[in-house]
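**Student:** Can you read through this structure? Questions will come right after.
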Amino acid sequence: MNDETSKLIAKVERFARQEQLFAPAEPGRALHLCAAVSGGADSMALLRVLLELREAFGYTLTACHVNHGLRGETADRDEAFVRAECAQLGVPLTVFRPADVGMAVPPHAGEDWARRLRYACFAQLLAGGIDCIATAHTATDQAETLLFRLARGTGLHGAGGIRPRRPGYCRPLLGLTRAETEALCAAFGQVWVTDETNESDAYARNRLRHGAVPALRSVNAAAEENLARFCEKAARADEYFARQAEQLLSIARLDAAQTARKAPKAKAAWWLEPLQGADPLILEAALHSLVAPVRDAEEKYIRLLAELVEQGSGAVQLTDTVRFCAGSGMLWQEKSRPEAAAAPAFSLPFAPADGAEFALPGGQTLKTRLFVSGFREKTQGVHKKDLKNRADYARITLLYSALTLRTRQPGDRFRPAGRGLSKPLRKWMNEAGIPAGIREGLPLLAAGSEILWVCGEGFAEGLAPDEETEQILQLELENGGTTHEHE
């Protein structure tokens, strides 16, 4: 092992001791550490460094690998590679596939689904006796995360980036760049595999990786380390402001008796005066602590609540069930309404025919009707909601060979009538104000990932009947005899 390699390992050791990453879970019992190994350079460097440091820290080391089932033969190749390397290094390995944690690969599964799968696998390991999962995040990942969050809009908490540790997880390589993990692999003679999706600019993080980070590195070779150090400082500042915010909320909070008397509908309440008189950064941290438990604490939601506090009256709806209100000198969070059971997902082959009926979950029925007559005759005096649920039958059947009646899936896109612009369905639902509680169960007509009809919205752009239409397809969703509309 050369001097440069020894320095890098020593750097990881110092970082681990500074952040107490490998502290025993219980006195007198060695930490059981599991390395998350994908087979890439970062994770193989992690595995080799953890083997080098095992004696110094006294932990028990195992590894895990998640085969997401998304990349066919290359995913199986990566699994076989990790199995072989762990066997050669003498590291016990657990391999997961989606079915092992009760998940199935959905059509058009993306990065969000893959991350949920990984953390479901990690949760199973933690529940089974593993004390801590070590992931291979590096200073380069930290820099990319900071740039991504700044571009999307973030506050001090988000600028703190990836934390070195949280309950059940640690990131020993946060002090190393990706170039340094590759140098470690080279020094150990350790080969690795490359995930081909990392080369695609279809993902925002990859565009940052291929464009923004190299540009910053051309300005200063230490750009990644400098951005990572900024995250460390931001995280420390965030911890300080979080303590101040906790004190502020404690001073402002109404006790249970006051809340019951002054705001009987409130889950919790605070006097506005101390909030309005607080330092803006401390108020922002306090509001972040209120938002974070119920949704992603993006900057825009913090600003909305800050404006509510400043105005002293009004309301902000954070989610379908969480609402903050201000008035009578108080800020309060309303008690959540009981949530309805989530509507079950469904997928049915759809063949349009006159008088066909499709039974859906929850007692709903979708009925189809075909009108053989002309456009003018059948559209005069028709209610608007019926018009938008009508399409040119020939256009539908000629353009789309396989139709499915189903609920939403990752990757779905919709082109609303009159807009001429295709959007991710999730984004369109947010913009259209579709209540969050009905989105998962909302019936859709789809051709692959293209959504042709949304219940309550109607057919997509380009499918409406016109003067040349000979047959009209009409869809009606009934629930207990009542036509369903989400507006």
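Naming scheme: A, B, ... for chains in displayed order of the structure tokens; residues 1 onward per chain; ligands 1 onward as shown.
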Fewer than 6 positions away in the same chain doesn't count, so skip those; otherwise give me all residues within 9 Å of range 8-23 of chain A, counting only C-alpha atoms, as a PDB file with N, CA and C atoms, in the first residue's frame.
**Tutor:**
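This went into part.pdb:
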ATOM      1  N   ALA A  30     -19.908  -5.254  19.973  1.00  0.00           N
ATOM      2  CA  ALA A  30     -19.363  -4.668  18.751  1.00  0.00           C
ATOM      3  C   ALA A  30     -20.486  -4.230  17.821  1.00  0.00           C
ATOM      4  N   LEU A  31     -20.268  -3.140  17.120  1.00  0.00           N
ATOM      5  CA  LEU A  31     -21.217  -2.652  16.125  1.00  0.00           C
ATOM      6  C   LEU A  31     -21.307  -3.641  14.965  1.00  0.00           C
ATOM      7  N   LEU A  33     -21.970  -3.699  11.323  1.00  0.00           N
ATOM      8  CA  LEU A  33     -22.011  -2.749  10.222  1.00  0.00           C
ATOM      9  C   LEU A  33     -22.243  -3.488   8.907  1.00  0.00           C
ATOM     10  N   VAL A  49     -12.137  -0.095   2.180  1.00  0.00           N
ATOM     11  CA  VAL A  49     -11.715   0.753   3.292  1.00  0.00           C
ATOM     12  C   VAL A  49     -12.272   0.224   4.609  1.00  0.00           C
ATOM     13  N   GLU A  52     -10.207  -2.501   5.797  1.00  0.00           N
ATOM     14  CA  GLU A  52      -8.932  -2.016   6.349  1.00  0.00           C
ATOM     15  C   GLU A  52      -9.108  -1.462   7.762  1.00  0.00           C
ATOM     16  N   LEU A  53     -10.243  -0.852   8.041  1.00  0.00           N
ATOM     17  CA  LEU A  53     -10.463  -0.189   9.330  1.00  0.00           C
ATOM     18  C   LEU A  53     -11.158  -1.084  10.358  1.00  0.00           C
ATOM     19  N   ALA A  56      -9.276  -1.559  13.632  1.00  0.00           N
ATOM     20  CA  ALA A  56      -9.137  -0.327  14.417  1.00  0.00           C
ATOM     21  C   ALA A  56     -10.410   0.016  15.179  1.00  0.00           C
ATOM     22  N   PHE A  57     -11.567  -0.291  14.590  1.00  0.00           N
ATOM     23  CA  PHE A  57     -12.843   0.078  15.226  1.00  0.00           C
ATOM     24  C   PHE A  57     -13.560  -1.109  15.868  1.00  0.00           C
ATOM     25  N   GLY A  58     -13.180  -2.328  15.496  1.00  0.00           N
ATOM     26  CA  GLY A  58     -13.748  -3.507  16.144  1.00  0.00           C
ATOM     27  C   GLY A  58     -15.170  -3.848  15.752  1.00  0.00           C
ATOM     28  N   TYR A  59     -15.624  -3.382  14.609  1.00  0.00           N
ATOM     29  CA  TYR A  59     -16.997  -3.717  14.192  1.00  0.00           C
ATOM     30  C   TYR A  59     -17.026  -5.042  13.430  1.00  0.00           C
ATOM     31  N   CYS A 132     -26.116  -0.701  11.698  1.00  0.00           N
ATOM     32  CA  CYS A 132     -25.894   0.487  10.882  1.00  0.00           C
ATOM     33  C   CYS A 132     -25.605   0.091   9.439  1.00  0.00           C
ATOM     34  N   PRO A 164     -23.459  13.179   7.751  1.00  0.00           N
ATOM     35  CA  PRO A 164     -22.566  12.020   7.917  1.00  0.00           C
ATOM     36  C   PRO A 164     -23.248  10.825   8.578  1.00  0.00           C
ATOM     37  N   ARG A 165     -24.208  11.114   9.452  1.00  0.00           N
ATOM     38  CA  ARG A 165     -24.890   9.997  10.112  1.00  0.00           C
ATOM     39  C   ARG A 165     -26.302  10.398  10.486  1.00  0.00           C
ATOM     40  N   TYR A 169     -27.829   4.745   9.862  1.00  0.00           N
ATOM     41  CA  TYR A 169     -27.077   4.957   8.623  1.00  0.00           C
ATOM     42  C   TYR A 169     -25.836   5.807   8.883  1.00  0.00           C
ATOM     43  N   CYS A 170     -24.753   5.524   8.118  1.00  0.00           N
ATOM     44  CA  CYS A 170     -23.568   6.367   8.175  1.00  0.00           C
ATOM     45  C   CYS A 170     -22.958   6.470   6.785  1.00  0.00           C
ATOM     46  N   ARG A 171     -22.188   7.550   6.544  1.00  0.00           N
ATOM     47  CA  ARG A 171     -21.575   7.816   5.232  1.00  0.00           C
ATOM     48  C   ARG A 171     -20.080   8.050   5.428  1.00  0.00           C
ATOM     49  N   PRO A 172     -19.285   6.995   5.535  1.00  0.00           N
ATOM     50  CA  PRO A 172     -17.859   7.151   5.870  1.00  0.00           C
ATOM     51  C   PRO A 172     -17.032   7.863   4.808  1.00  0.00           C
ATOM     52  N   LEU A 173     -17.480   7.885   3.552  1.00  0.00           N
ATOM     53  CA  LEU A 173     -16.661   8.428   2.467  1.00  0.00           C
ATOM     54  C   LEU A 173     -16.992   9.876   2.120  1.00  0.00           C
ATOM     55  N   LEU A 174     -17.753  10.564   2.948  1.00  0.00           N
ATOM     56  CA  LEU A 174     -18.139  11.933   2.616  1.00  0.00           C
ATOM     57  C   LEU A 174     -16.945  12.879   2.514  1.00  0.00           C
ATOM     58  N   GLY A 175     -15.799  12.480   3.063  1.00  0.00           N
ATOM     59  CA  GLY A 175     -14.608  13.320   2.973  1.00  0.00           C
ATOM     60  C   GLY A 175     -13.771  13.070   1.731  1.00  0.00           C
ATOM     61  N   LEU A 176     -14.166  12.090   0.894  1.00  0.00           N
ATOM     62  CA  LEU A 176     -13.407  11.758  -0.309  1.00  0.00           C
ATOM     63  C   LEU A 176     -14.188  12.150  -1.561  1.00  0.00           C
ATOM     64  N   GLU A 180     -10.985  10.231  -5.804  1.00  0.00           N
ATOM     65  CA  GLU A 180     -10.210   9.563  -4.752  1.00  0.00           C
ATOM     66  C   GLU A 180     -10.698   8.139  -4.512  1.00  0.00           C
ATOM     67  N   THR A 181     -12.003   7.892  -4.648  1.00  0.00           N
ATOM     68  CA  THR A 181     -12.475   6.505  -4.480  1.00  0.00           C
ATOM     69  C   THR A 181     -11.963   5.638  -5.630  1.00  0.00           C
ATOM     70  N   LEU A 184      -8.406   4.824  -4.872  1.00  0.00           N
ATOM     71  CA  LEU A 184      -8.329   3.748  -3.877  1.00  0.00           C
ATOM     72  C   LEU A 184      -8.535   2.383  -4.526  1.00  0.00           C
TER      73      LEU A 184
END
**Student:** Please identify which residues in range 46-202 of chain A DSSP calls alpha helix (DSSP H) from the backbone, and express them as a ChimeraX atom specification.
**Tutor:** /A:46-57,72-89,111-127,139-152,156-159,178-188
**Student:** Skip range 121-128 of chain A itself and residues of its chain fewer than 2 positions away, then list as a PyMOL selection string all residues within 12 Å of it, counting only C-alpha atoms.
**Tutor:** chain A and resi 32-37+62-68+93-103+114-119+130-135+167-169
**Student:** Please identify all polymer residues within 9 Å of Arg426 in chain A, counting only C-alpha atoms, omitting same-chain residues fewer than 6 positions from it, and present them as a ChimeraX atom specification.
**Tutor:** /A:408,410-413,439
**Student:** List as a ChimeraX atom specification the protein and nucleic acid residues near range 290-307 of chain A, meaning an atom at most 6 Å away when only C-alpha atoms are counted, but skip any in the same chain fewer than 4 places from it.
**Tutor:** /A:153-155
**Student:** Which one of A:Ala222, A:Pro107, A:Lys262, A:Phe324 sits closest to Ser347 in chain A if you count only C-alpha atoms?
**Tutor:**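 Among A:Ala222, A:Pro107, A:Lys262, A:Phe324, it is A:Pro107 that comes nearest to Ser347 in chain A.
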**Student:** Considering only C-alpha atoms, return as a PyMOL selection string whatever protein or nucleic-acid residues lie within 7 Å of range 188-204 of chain A, sequence-local ones (same chain, fewer than 3 positions apart) excluded.
**Tutor:** chain A and resi 39-41+44+78+184-185+207-208
**Student:** If I take CA of Glu4 in chain A and CA of Ser43 in chain A, how far is one from the other in Å, to one decimal?
**Tutor:**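 CA of Ser43 in chain A lies at a distance of 19.4 Å from CA of Glu4 in chain A.
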**Student:** Just asking: which residues within range 130-259 of chain A are strand (DSSP E) according to DSSP, as a PyMOL selection string?
**Tutor:** chain A and resi 132-134+165-166+169-170
**Student:** Atoms to include: N, CA, C and O atoms. Write the selected residues as an mmCIF file, in the first residue's frame.
**Tutor:**
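File produced: out31.cif:
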data_model
loop_
_atom_site.group_PDB
_atom_site.id
_atom_site.type_symbol
_atom_site.label_atom_id
_atom_site.label_comp_id
_atom_site.auth_asym_id
_atom_site.auth_seq_id
_atom_site.Cartn_x
_atom_site.Cartn_y
_atom_site.Cartn_z
ATOM 1 N N CYS A 132 -26.116 -0.701 11.698
ATOM 2 C CA CYS A 132 -25.894 0.487 10.882
ATOM 3 C C CYS A 132 -25.605 0.091 9.439
ATOM 4 O O CYS A 132 -24.846 -0.857 9.187
ATOM 5 N N ILE A 133 -26.196 0.805 8.497
ATOM 6 C CA ILE A 133 -25.932 0.622 7.066
ATOM 7 C C ILE A 133 -24.947 1.705 6.641
ATOM 8 O O ILE A 133 -25.202 2.897 6.826
ATOM 9 N N ALA A 134 -23.805 1.303 6.067
ATOM 10 C CA ALA A 134 -22.825 2.262 5.555
ATOM 11 C C ALA A 134 -23.045 2.428 4.058
ATOM 12 O O ALA A 134 -23.002 1.449 3.302
ATOM 13 N N ARG A 165 -24.208 11.114 9.452
ATOM 14 C CA ARG A 165 -24.890 9.997 10.112
ATOM 15 C C ARG A 165 -26.302 10.398 10.486
ATOM 16 O O ARG A 165 -26.619 11.574 10.682
ATOM 17 N N ARG A 166 -27.161 9.413 10.553
ATOM 18 C CA ARG A 166 -28.497 9.527 11.120
ATOM 19 C C ARG A 166 -28.831 8.148 11.657
ATOM 20 O O ARG A 166 -28.123 7.170 11.347
ATOM 21 N N TYR A 169 -27.829 4.745 9.862
ATOM 22 C CA TYR A 169 -27.077 4.957 8.623
ATOM 23 C C TYR A 169 -25.836 5.807 8.883
ATOM 24 O O TYR A 169 -25.850 6.706 9.718
ATOM 25 N N CYS A 170 -24.753 5.524 8.118
ATOM 26 C CA CYS A 170 -23.568 6.367 8.175
ATOM 27 C C CYS A 170 -22.958 6.470 6.785
ATOM 28 O O CYS A 170 -23.180 5.598 5.924
#
**Student:** May I ask for the distance between CA of Ala356 in chain A and CA of Thr368 in chain A, given in Å to one decimal place?
**Tutor:**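 Atom-to-atom, CA of Ala356 in chain A to CA of Thr368 in chain A, that is 5.4 Å.
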